[in-house]
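S.K.: File follows, my_file01.cif with mmCIF, C-alpha atoms and all ligand atoms:
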```cif
data_coords
loop_
_atom_site.label_atom_id
_atom_site.label_comp_id
_atom_site.auth_asym_id
_atom_site.auth_seq_id
_atom_site.Cartn_x
_atom_site.Cartn_y
_atom_site.Cartn_z
CA MET A 430 0.00 0.00 0.00
CA PRO A 431 1.44 3.42 -0.86
CA GLN A 432 1.92 5.63 2.16
CA ARG A 433 -0.70 8.35 2.65
CA HIS A 434 0.72 11.82 2.73
CA LEU A 435 0.73 13.63 6.06
CA ILE A 436 -0.11 17.31 5.57
CA ALA A 437 0.76 19.21 8.74
CA ALA A 438 -0.21 22.80 9.54
CA ASN A 439 2.27 24.49 11.86
CA TRP A 440 0.54 27.64 13.07
CA LYS A 441 3.54 28.71 15.18
CA MET A 442 2.69 31.70 17.44
CA ASN A 443 -0.31 32.65 15.29
CA GLY A 444 -4.00 32.24 16.01
CA LEU A 445 -6.55 33.37 18.59
CA ALA A 446 -9.89 31.77 19.45
CA ALA A 447 -11.33 33.65 16.49
CA ALA A 448 -9.38 31.27 14.24
CA LEU A 449 -11.48 28.22 15.22
CA PRO A 450 -13.64 28.47 12.07
CA VAL A 451 -10.44 28.00 10.05
CA ALA A 452 -9.93 24.63 11.77
CA GLU A 453 -13.56 23.70 11.13
CA ALA A 454 -13.21 24.56 7.44
CA ILE A 455 -9.96 22.56 7.19
CA ALA A 456 -11.76 19.56 8.71
CA GLU A 457 -14.52 19.84 6.09
CA ILE A 458 -11.94 19.88 3.31
CA ALA A 459 -9.95 17.00 4.81
CA ARG A 460 -13.06 14.78 4.68
CA SER A 461 -12.98 14.71 0.89
CA HIS A 462 -9.23 14.12 0.41
CA ALA A 463 -6.92 11.17 0.85
CA SER A 464 -4.11 12.66 2.94
CA ASP A 465 -3.83 12.60 6.70
CA VAL A 466 -4.17 16.16 7.97
CA ALA A 467 -2.97 17.56 11.28
CA ILE A 468 -3.03 21.03 12.80
CA PHE A 469 -0.41 22.21 15.28
CA PRO A 470 -2.01 25.33 16.79
CA PRO A 471 -0.60 27.35 19.69
CA ALA A 472 -1.10 25.35 22.90
CA THR A 473 -3.73 27.83 24.12
CA LEU A 474 -6.06 26.70 21.32
CA LEU A 475 -5.66 22.94 21.77
CA PRO A 476 -8.65 22.28 24.07
CA LEU A 477 -10.97 24.54 22.05
CA MET A 478 -9.83 23.03 18.78
CA HIS A 479 -10.11 19.54 20.18
CA ARG A 480 -13.81 20.17 20.79
CA VAL A 481 -14.28 21.50 17.27
CA LEU A 482 -12.33 18.69 15.57
CA GLU A 483 -13.54 15.68 17.56
CA GLY A 484 -15.04 13.15 15.15
CA THR A 485 -13.33 14.70 12.13
CA PRO A 486 -10.32 13.21 10.32
CA VAL A 487 -8.06 16.09 11.40
CA ARG A 488 -5.62 15.33 14.21
CA LEU A 489 -4.12 17.83 16.60
CA GLY A 490 -0.56 18.31 17.75
CA GLY A 491 1.64 20.44 19.96
CA GLN A 492 4.53 22.50 18.62
CA ASP A 493 7.00 21.50 21.37
CA CYS A 494 7.05 19.93 24.83
CA HIS A 495 9.33 19.77 27.87
CA TYR A 496 11.67 16.82 28.39
CA MET A 497 10.37 16.23 31.94
CA ASP A 498 6.95 14.77 32.70
CA GLY A 499 6.09 17.53 35.18
CA GLY A 500 7.50 19.77 37.91
CA ALA A 501 8.89 23.22 38.54
CA TYR A 502 9.42 24.44 34.96
CA THR A 503 7.74 27.83 34.75
CA GLY A 504 6.28 28.62 31.37
CA ASP A 505 6.83 25.15 29.93
CA ILE A 506 4.33 22.53 28.85
CA SER A 507 4.61 18.77 29.32
CA ALA A 508 3.81 16.09 26.78
CA ALA A 509 1.10 14.75 29.11
CA GLN A 510 -0.49 18.22 29.23
CA LEU A 511 -0.54 18.33 25.42
CA ARG A 512 -2.14 14.89 25.36
CA ASP A 513 -4.67 15.96 28.00
CA ALA A 514 -5.56 19.01 25.86
CA GLY A 515 -6.33 16.83 22.84
CA ALA A 516 -3.02 16.44 21.01
CA SER A 517 -1.94 13.11 19.55
CA LEU A 518 1.23 14.38 17.86
CA VAL A 519 4.02 16.80 18.68
CA ILE A 520 6.61 18.63 16.56
CA LEU A 521 10.08 18.45 18.11
CA GLY A 522 13.38 19.95 17.03
CA HIS A 523 11.83 22.57 14.75
CA SER A 524 14.56 24.93 13.58
CA GLU A 525 12.83 27.80 15.37
CA ARG A 526 13.51 25.82 18.57
CA ARG A 527 16.96 24.56 17.58
CA HIS A 528 18.19 27.99 16.50
CA GLY A 529 15.82 30.44 18.24
CA HIS A 530 16.05 28.64 21.61
CA LEU A 531 19.47 27.01 21.13
CA GLU A 532 18.09 23.51 21.60
CA PRO A 533 20.76 20.88 20.96
CA CYS A 534 20.02 17.44 19.50
CA GLU A 535 20.44 15.80 22.91
CA LEU A 536 17.60 17.93 24.32
CA VAL A 537 15.43 17.09 21.31
CA ALA A 538 16.09 13.39 22.00
CA ARG A 539 14.99 13.77 25.63
CA LYS A 540 11.83 15.54 24.45
CA VAL A 541 11.15 12.66 22.06
CA GLY A 542 11.38 10.32 25.06
CA ALA A 543 8.90 12.48 27.00
CA ALA A 544 6.52 12.54 24.02
CA LEU A 545 6.58 8.75 23.74
CA ARG A 546 5.92 8.36 27.49
CA ALA A 547 2.77 10.46 26.99
CA ASP A 548 1.72 8.47 23.91
CA LEU A 549 2.30 11.35 21.53
CA ILE A 550 3.60 10.66 18.03
CA PRO A 551 6.72 12.81 17.49
CA ILE A 552 7.52 14.57 14.23
CA VAL A 553 11.22 15.31 14.51
CA CYS A 554 12.53 18.13 12.32
CA ILE A 555 16.05 18.25 10.96
CA GLY A 556 17.70 20.54 8.45
CA GLU A 557 20.83 22.42 7.53
CA THR A 558 21.47 26.17 7.54
CA LEU A 559 22.49 27.99 4.36
CA ASP A 560 26.09 28.32 5.62
CA GLN A 561 26.25 24.59 6.30
CA ARG A 562 24.89 23.80 2.81
CA LYS A 563 27.34 26.22 1.17
CA ALA A 564 30.19 24.61 3.10
CA GLY A 565 29.21 21.17 1.77
CA LYS A 566 28.20 19.95 5.24
CA THR A 567 24.57 19.04 4.59
CA VAL A 568 25.02 15.26 4.73
CA ASP A 569 27.09 15.47 7.94
CA VAL A 570 24.61 17.82 9.60
CA LEU A 571 21.56 15.71 8.73
CA THR A 572 23.29 12.50 9.79
CA LYS A 573 24.36 14.01 13.12
CA GLN A 574 20.87 15.40 13.76
CA LEU A 575 19.32 11.99 13.03
CA ARG A 576 21.84 10.16 15.22
CA ASP A 577 21.62 12.51 18.19
CA SER A 578 17.93 13.56 18.09
CA LEU A 579 16.32 10.13 17.68
CA PRO A 580 16.62 8.05 20.85
CA ASP A 581 16.53 4.24 21.04
CA ASP A 582 13.05 4.47 22.61
CA LEU A 583 11.68 5.05 19.09
CA ASP A 584 12.18 1.38 18.29
CA GLY A 585 8.74 -0.10 17.64
CA ARG A 586 6.95 3.25 18.04
CA GLU A 587 5.23 5.46 15.47
CA PHE A 588 7.15 8.59 14.57
CA HIS A 589 7.83 10.83 11.59
CA VAL A 590 10.73 12.99 10.42
CA SER A 591 10.51 16.30 8.59
CA TYR A 592 13.34 17.56 6.39
CA GLU A 593 13.32 21.32 6.75
CA PRO A 594 16.26 23.23 5.31
CA VAL A 595 16.50 26.21 7.67
CA TRP A 596 17.08 28.60 4.77
CA ALA A 597 13.76 27.60 3.18
CA ILE A 598 11.54 28.15 6.22
CA GLY A 599 9.41 31.25 5.95
CA THR A 600 11.68 32.72 3.28
CA GLY A 601 9.76 31.86 0.10
CA MET A 602 12.87 29.95 -1.07
CA ILE A 603 12.14 26.29 -1.69
CA ALA A 604 14.79 23.60 -1.94
CA SER A 605 15.36 22.20 -5.43
CA ASP A 606 13.93 18.84 -6.45
CA ALA A 607 17.40 17.30 -6.32
CA GLN A 608 18.11 18.71 -2.84
CA ILE A 609 14.80 17.40 -1.48
CA VAL A 610 15.15 13.94 -3.05
CA GLU A 611 18.75 13.60 -1.87
CA ALA A 612 17.98 14.61 1.72
CA ILE A 613 14.85 12.47 1.96
CA GLY A 614 16.73 9.51 0.49
CA LEU A 615 19.50 9.93 3.04
CA ILE A 616 16.96 10.09 5.88
CA ARG A 617 15.07 7.02 4.58
CA THR A 618 18.28 4.98 4.29
CA TRP A 619 19.52 6.02 7.71
CA LEU A 620 16.18 5.23 9.34
CA SER A 621 15.85 1.85 7.65
CA GLU A 622 19.23 0.84 9.08
CA ARG A 623 18.65 2.26 12.55
CA PHE A 624 14.94 1.39 12.96
CA PRO A 625 14.40 -1.46 10.47
CA GLY A 626 10.72 -2.12 11.29
CA ALA A 627 9.64 1.53 11.17
CA ASN A 628 7.66 3.10 8.36
CA PRO A 629 7.80 6.82 9.14
CA ASN A 630 6.49 9.49 6.81
CA ILE A 631 9.35 11.73 5.78
CA LEU A 632 7.95 15.19 5.25
CA TYR A 633 9.40 18.19 3.46
CA GLY A 634 8.99 21.63 5.01
CA GLY A 635 10.11 25.01 3.71
CA SER A 636 7.92 27.48 1.82
CA VAL A 637 5.38 24.90 0.63
CA LYS A 638 2.59 26.85 -1.11
CA PRO A 639 -0.44 26.03 -3.26
CA SER A 640 1.73 26.71 -6.33
CA ASN A 641 4.42 24.12 -5.52
CA ALA A 642 2.70 21.58 -3.22
CA ALA A 643 1.60 19.06 -5.88
CA HIS A 644 5.08 19.05 -7.38
CA VAL A 645 6.86 18.61 -4.04
CA LEU A 646 4.49 15.90 -2.84
CA LYS A 647 5.12 13.84 -5.98
CA LEU A 648 8.90 13.83 -5.54
CA SER A 649 10.40 10.44 -4.76
CA GLY A 650 10.19 9.57 -1.06
CA VAL A 651 8.27 12.66 0.06
CA GLY A 652 5.66 11.46 2.56
CA GLY A 653 4.00 14.77 3.27
CA ALA A 654 4.54 18.44 3.99
CA LEU A 655 5.02 20.54 7.10
CA VAL A 656 3.48 23.88 6.20
CA GLY A 657 3.91 27.12 8.12
CA GLY A 658 2.73 30.38 6.55
CA ALA A 659 0.46 28.81 3.96
CA SER A 660 -1.43 26.79 6.57
CA LEU A 661 -2.97 29.82 8.24
CA THR A 662 -5.79 30.42 5.79
CA VAL A 663 -8.25 28.01 4.22
CA GLU A 664 -7.64 29.63 0.83
CA GLU A 665 -3.99 28.60 0.87
CA PHE A 666 -4.15 25.39 2.88
CA ALA A 667 -7.08 23.74 1.05
CA PRO A 668 -5.20 23.35 -2.26
CA ILE A 669 -2.19 21.95 -0.39
CA ILE A 670 -4.42 19.28 1.19
CA ALA A 671 -5.85 18.52 -2.26
CA ALA A 672 -2.33 18.30 -3.72
CA GLY A 673 -1.65 15.29 -1.51
CA ASP A 674 -4.24 13.12 -3.29
C1 LIG A 701 7.59 25.41 9.14
O1 LIG A 701 7.01 26.07 9.98
O2 LIG A 701 8.05 24.30 9.48
C2 LIG A 701 7.69 25.90 7.78
C3 LIG A 701 8.18 25.08 6.88
O3 LIG A 701 7.26 27.17 7.53
P1 LIG A 701 6.96 27.82 6.08
O4 LIG A 701 6.02 26.86 5.36
O5 LIG A 701 6.33 29.12 6.37
O6 LIG A 701 8.25 27.92 5.36
#
```
Spell out the structure here as structure tokens.
Ligand code: PEP

M.R.:
Amino acid sequence: MPQRHLIAANWKMNGLAAALPVAEAIAEIARSHASDVAIFPPATLLPLMHRVLEGTPVRLGGQDCHYMDGGAYTGDISAAQLRDAGASLVILGHSERRHGHLEPCELVARKVGAALRADLIPIVCIGETLDQRKAGKTVDVLTKQLRDSLPDDLDGREFHVSYEPVWAIGTGMIASDAQIVEAIGLIRTWLSERFPGANPNILYGGSVKPSNAAHVLKLSGVGGALVGGASLTVEEFAPIIAAGD
């Protein structure tokens, strides 16, 4: 059976309660398309959105979680709290966490462990910066991020990986077909050696838009898209969901 695409909407720090109708409209659209669809709203919207999306095909996820299960961590959110609020997935290691919050791979790996303990499905993001690509270090960077961000606990568990070149996120610059296929192939090979029984979706993220989504999703090995800016409106996100068919 060919793998269904996973089309993920990363709303980042965007969205107030007034955005709930957007989630409802996305759910309506998802009903008539083949891809799996998930929304990663700000944590404040999870319980409200959970109510709106219950019984629809759209799943909910958190954008990050703490590596501990609970305790004195002011301002943080645990994986169990995300689960309790209605999430079944969580994005970890997004470049806006790795670079904006200086999160090293080892911390990402601990967060993956916390997510699994709470029965959340992690989507682990990896990707090189423009300087690293220009210096010919892309393969080394991706391999290191895979090795150090994916803990042994993933063995036998459902998880996904998103290839997100940092220079393509929110910039309007999309990686070339060859760059995407090469990176996704590397990830697939590495995962099949490290976690032989696993069948993760390998997503591409970085300026996916209605105009390029169908093309990207048809590239060899691409198992879905992690979409930031273009996931915020139904007008832009609906054609991306349709492109996954
Ligand atoms: C992202 O948030 O992971 C992302 C890829 O953003 P954008 O689609 O805006 O580039």

S.K.: Which one is closest to ligand LIG 701 (chain A): A:Phe624, A:Trp596, A:Phe588, A:Trp619? Count only C-alpha atoms and all ligand atoms.

M.R.: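 Checking each candidate against ligand LIG 701 (chain A), we get A:Trp596 as the closest.
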
S.K.: Please identify all polymer residues within 7 Å of Cys534 (chain A), counting all atoms listed in the file, omitting same-chain residues fewer than 4 positions from it, and present them as a list in words.

M.R.: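 Here the qualifying residues turn out to be Ala538, Gln574, Asp577 and Ser578 of chain A.
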
S.K.: Could you take the residues named above and write them with C-alpha atoms, as an mmCIF file, in the coordinates of the input?

M.R.:
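Here's the written file selection_18.cif:
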```
data_model
loop_
_atom_site.group_PDB
_atom_site.id
_atom_site.type_symbol
_atom_site.label_atom_id
_atom_site.label_comp_id
_atom_site.auth_asym_id
_atom_site.auth_seq_id
_atom_site.Cartn_x
_atom_site.Cartn_y
_atom_site.Cartn_z
ATOM 1 C CA ALA A 538 16.090 13.390 22.000
ATOM 2 C CA GLN A 574 20.870 15.400 13.760
ATOM 3 C CA ASP A 577 21.620 12.510 18.190
ATOM 4 C CA SER A 578 17.930 13.560 18.090
#
```

S.K.: May I ask you to write as an MDAnalysis selection string all residues lying at most 10 Å from ligand LIG 701 (chain A), with all atoms listed in the file counted?

M.R.: chainID A and resid 437:441 469 492 520 523:525 554 591:603 633:638 654:661

S.K.: For the point (6.0, 0.4, 14.9) in the file's frame, write as a count of residues only all residues with an atom no more than 7 Å away, counting only C-alpha atoms.

M.R.: 5

S.K.: Using CA of Ala459 (chain A) and CA of Thr485 (chain A) as the two end points, give the distance in Å to one decimal.

M.R.: 8.4 Å

S.K.: Just how far from CA of Pro471 (chain A) is CA of Asn443 (chain A), in Å to one decimal?

M.R.: 6.9 Å

S.K.: CA of Ser621 (chain A) and CA of Leu545 (chain A), how far apart in Å?

M.R.: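 Interatomic distance here is 19.8 Å.
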
S.K.: Using all atoms listed in the file for the distances, tell me which of A:Ser649, A:Thr473, A:Thr662, A:Asn628 is nearest to His589 (chain A).

M.R.: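 Distance minimum relative to His589 (chain A) lands on A:Asn628.
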
S.K.: For Ala516 (chain A), find every residue with an atom within 8 Å (counting all atoms listed in the file), except residues of its own chain fewer than 3 positions away, and show them as a list in words.

M.R.: Leu475, His479, Arg488, Leu489, Gly490, Gly491, Leu511, Arg512, Asp513, Val519 and Leu549 of chain A

S.K.: Name all residues at most 12 Å from Gly542 (chain A) (count all atoms listed in the file; drop same-chain ones fewer than 6 positions away) and give them as a PDB file with C-alpha atoms, keeping the file's coordinate frame.

M.R.:
```
ATOM      1  CA  CYS A 494       7.050  19.930  24.830  1.00  0.00           C
ATOM      2  CA  HIS A 495       9.330  19.770  27.870  1.00  0.00           C
ATOM      3  CA  TYR A 496      11.670  16.820  28.390  1.00  0.00           C
ATOM      4  CA  MET A 497      10.370  16.230  31.940  1.00  0.00           C
ATOM      5  CA  ASP A 498       6.950  14.770  32.700  1.00  0.00           C
ATOM      6  CA  SER A 507       4.610  18.770  29.320  1.00  0.00           C
ATOM      7  CA  ALA A 508       3.810  16.090  26.780  1.00  0.00           C
ATOM      8  CA  ALA A 509       1.100  14.750  29.110  1.00  0.00           C
ATOM      9  CA  VAL A 519       4.020  16.800  18.680  1.00  0.00           C
ATOM     10  CA  LEU A 521      10.080  18.450  18.110  1.00  0.00           C
ATOM     11  CA  GLU A 535      20.440  15.800  22.910  1.00  0.00           C
ATOM     12  CA  LEU A 536      17.600  17.930  24.320  1.00  0.00           C
ATOM     13  CA  ASP A 548       1.720   8.470  23.910  1.00  0.00           C
ATOM     14  CA  LEU A 549       2.300  11.350  21.530  1.00  0.00           C
ATOM     15  CA  ILE A 550       3.600  10.660  18.030  1.00  0.00           C
ATOM     16  CA  PRO A 551       6.720  12.810  17.490  1.00  0.00           C
ATOM     17  CA  VAL A 553      11.220  15.310  14.510  1.00  0.00           C
ATOM     18  CA  SER A 578      17.930  13.560  18.090  1.00  0.00           C
ATOM     19  CA  LEU A 579      16.320  10.130  17.680  1.00  0.00           C
ATOM     20  CA  PRO A 580      16.620   8.050  20.850  1.00  0.00           C
ATOM     21  CA  ASP A 581      16.530   4.240  21.040  1.00  0.00           C
ATOM     22  CA  ASP A 582      13.050   4.470  22.610  1.00  0.00           C
ATOM     23  CA  LEU A 583      11.680   5.050  19.090  1.00  0.00           C
ATOM     24  CA  ASP A 584      12.180   1.380  18.290  1.00  0.00           C
ATOM     25  CA  ARG A 586       6.950   3.250  18.040  1.00  0.00           C
ATOM     26  CA  PHE A 588       7.150   8.590  14.570  1.00  0.00           C
TER      27      PHE A 588
END
```

S.K.: Can you work out which one of A:Ala544, A:Ala472, A:Leu482, A:Val610 has the shortest atom-to-atom distance to Glu453 (chain A), counting only C-alpha atoms?

M.R.: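 Checking each candidate against Glu453 (chain A), we get A:Leu482 as the closest.
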
S.K.: Taking (-9.6, 28.5, 8.1) in the file's coordinates as the center, which residues reach within 9 Å of it, counting all atoms listed in the file, put as a list of chain:residue names?

M.R.: A:Ala448, A:Leu449, A:Pro450, A:Val451, A:Ala452, A:Glu453, A:Ala454, A:Ile455, A:Ser660, A:Leu661, A:Thr662, A:Val663, A:Glu664, A:Phe666, A:Ala667

S.K.: For Gly515 (chain A), which of A:Ala564, A:Leu620, A:Ile555, A:Val481 is the closest residue, counting all atoms listed in the file?

M.R.: A:Val481

S.K.: Excluding Ala607 (chain A) and any residue of its chain fewer than 6 positions from it, enumerate the residues within 12 Å of it, using only C-alpha atoms, and give them as a ChimeraX atom specification.

M.R.: /A:613-614,645,648-650

S.K.: Emit region 490-517 of chain A of the structure in the block as a file comprising N, CA and C atoms, as a PDB file, in the first residue's frame.

M.R.:
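Resulting contents of out-v4.pdb:
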```pdb
ATOM      1  N   GLY A 490      -1.874  18.522  17.162  1.00  0.00           N
ATOM      2  CA  GLY A 490      -0.559  18.310  17.751  1.00  0.00           C
ATOM      3  C   GLY A 490      -0.046  19.548  18.458  1.00  0.00           C
ATOM      4  N   GLY A 491       0.939  19.335  19.322  1.00  0.00           N
ATOM      5  CA  GLY A 491       1.637  20.439  19.961  1.00  0.00           C
ATOM      6  C   GLY A 491       2.862  20.811  19.146  1.00  0.00           C
ATOM      7  N   GLN A 492       3.377  22.012  19.395  1.00  0.00           N
ATOM      8  CA  GLN A 492       4.530  22.496  18.624  1.00  0.00           C
ATOM      9  C   GLN A 492       5.859  22.225  19.322  1.00  0.00           C
ATOM     10  N   ASP A 493       5.796  21.769  20.578  1.00  0.00           N
ATOM     11  CA  ASP A 493       6.999  21.502  21.372  1.00  0.00           C
ATOM     12  C   ASP A 493       6.528  20.916  22.699  1.00  0.00           C
ATOM     13  N   CYS A 494       7.394  20.308  23.450  1.00  0.00           N
ATOM     14  CA  CYS A 494       7.055  19.929  24.829  1.00  0.00           C
ATOM     15  C   CYS A 494       8.335  19.918  25.652  1.00  0.00           C
ATOM     16  N   HIS A 495       8.170  19.851  26.966  1.00  0.00           N
ATOM     17  CA  HIS A 495       9.332  19.772  27.870  1.00  0.00           C
ATOM     18  C   HIS A 495       9.846  18.336  27.912  1.00  0.00           C
ATOM     19  N   TYR A 496      11.101  18.183  28.324  1.00  0.00           N
ATOM     20  CA  TYR A 496      11.665  16.822  28.395  1.00  0.00           C
ATOM     21  C   TYR A 496      11.309  16.107  29.687  1.00  0.00           C
ATOM     22  N   MET A 497      10.799  16.869  30.687  1.00  0.00           N
ATOM     23  CA  MET A 497      10.375  16.231  31.942  1.00  0.00           C
ATOM     24  C   MET A 497       8.863  16.018  31.905  1.00  0.00           C
ATOM     25  N   ASP A 498       8.391  15.075  32.724  1.00  0.00           N
ATOM     26  CA  ASP A 498       6.953  14.770  32.704  1.00  0.00           C
ATOM     27  C   ASP A 498       6.144  15.780  33.510  1.00  0.00           C
ATOM     28  N   GLY A 499       6.790  16.524  34.391  1.00  0.00           N
ATOM     29  CA  GLY A 499       6.088  17.533  35.183  1.00  0.00           C
ATOM     30  C   GLY A 499       7.066  18.147  36.163  1.00  0.00           C
ATOM     31  N   GLY A 500       6.641  19.194  36.873  1.00  0.00           N
ATOM     32  CA  GLY A 500       7.496  19.766  37.908  1.00  0.00           C
ATOM     33  C   GLY A 500       7.645  21.268  37.784  1.00  0.00           C
ATOM     34  N   ALA A 501       8.689  21.782  38.426  1.00  0.00           N
ATOM     35  CA  ALA A 501       8.885  23.223  38.545  1.00  0.00           C
ATOM     36  C   ALA A 501       9.598  23.768  37.301  1.00  0.00           C
ATOM     37  N   TYR A 502       8.863  23.932  36.235  1.00  0.00           N
ATOM     38  CA  TYR A 502       9.419  24.436  34.965  1.00  0.00           C
ATOM     39  C   TYR A 502       8.504  25.540  34.443  1.00  0.00           C
ATOM     40  N   THR A 503       8.649  26.718  35.039  1.00  0.00           N
ATOM     41  CA  THR A 503       7.739  27.827  34.748  1.00  0.00           C
ATOM     42  C   THR A 503       7.685  28.145  33.257  1.00  0.00           C
ATOM     43  N   GLY A 504       6.476  28.213  32.767  1.00  0.00           N
ATOM     44  CA  GLY A 504       6.284  28.620  31.372  1.00  0.00           C
ATOM     45  C   GLY A 504       6.345  27.474  30.383  1.00  0.00           C
ATOM     46  N   ASP A 505       6.706  26.279  30.856  1.00  0.00           N
ATOM     47  CA  ASP A 505       6.830  25.145  29.931  1.00  0.00           C
ATOM     48  C   ASP A 505       5.542  24.330  29.904  1.00  0.00           C
ATOM     49  N   ILE A 506       5.509  23.387  28.989  1.00  0.00           N
ATOM     50  CA  ILE A 506       4.329  22.529  28.854  1.00  0.00           C
ATOM     51  C   ILE A 506       4.804  21.091  28.674  1.00  0.00           C
ATOM     52  N   SER A 507       4.168  20.177  29.394  1.00  0.00           N
ATOM     53  CA  SER A 507       4.611  18.775  29.316  1.00  0.00           C
ATOM     54  C   SER A 507       3.874  18.047  28.201  1.00  0.00           C
ATOM     55  N   ALA A 508       4.455  16.922  27.811  1.00  0.00           N
ATOM     56  CA  ALA A 508       3.815  16.093  26.782  1.00  0.00           C
ATOM     57  C   ALA A 508       2.448  15.606  27.278  1.00  0.00           C
ATOM     58  N   ALA A 509       2.384  15.240  28.564  1.00  0.00           N
ATOM     59  CA  ALA A 509       1.104  14.748  29.111  1.00  0.00           C
ATOM     60  C   ALA A 509       0.047  15.853  29.078  1.00  0.00           C
ATOM     61  N   GLN A 510       0.474  17.101  29.294  1.00  0.00           N
ATOM     62  CA  GLN A 510      -0.492  18.220  29.227  1.00  0.00           C
ATOM     63  C   GLN A 510      -0.997  18.409  27.797  1.00  0.00           C
ATOM     64  N   LEU A 511      -0.103  18.249  26.833  1.00  0.00           N
ATOM     65  CA  LEU A 511      -0.541  18.333  25.423  1.00  0.00           C
ATOM     66  C   LEU A 511      -1.560  17.236  25.137  1.00  0.00           C
ATOM     67  N   ARG A 512      -1.246  16.045  25.587  1.00  0.00           N
ATOM     68  CA  ARG A 512      -2.137  14.890  25.363  1.00  0.00           C
ATOM     69  C   ARG A 512      -3.496  15.171  26.016  1.00  0.00           C
ATOM     70  N   ASP A 513      -3.439  15.669  27.240  1.00  0.00           N
ATOM     71  CA  ASP A 513      -4.667  15.960  27.996  1.00  0.00           C
ATOM     72  C   ASP A 513      -5.512  17.025  27.287  1.00  0.00           C
ATOM     73  N   ALA A 514      -4.846  17.920  26.554  1.00  0.00           N
ATOM     74  CA  ALA A 514      -5.557  19.006  25.860  1.00  0.00           C
ATOM     75  C   ALA A 514      -6.062  18.568  24.485  1.00  0.00           C
ATOM     76  N   GLY A 515      -5.767  17.328  24.097  1.00  0.00           N
ATOM     77  CA  GLY A 515      -6.329  16.832  22.841  1.00  0.00           C
ATOM     78  C   GLY A 515      -5.318  16.538  21.748  1.00  0.00           C
ATOM     79  N   ALA A 516      -4.030  16.711  22.040  1.00  0.00           N
ATOM     80  CA  ALA A 516      -3.017  16.441  21.006  1.00  0.00           C
ATOM     81  C   ALA A 516      -2.718  14.939  20.917  1.00  0.00           C
ATOM     82  N   SER A 517      -2.427  14.489  19.705  1.00  0.00           N
ATOM     83  CA  SER A 517      -1.940  13.110  19.548  1.00  0.00           C
ATOM     84  C   SER A 517      -0.556  13.101  18.897  1.00  0.00           C
TER      85      SER A 517
END
```
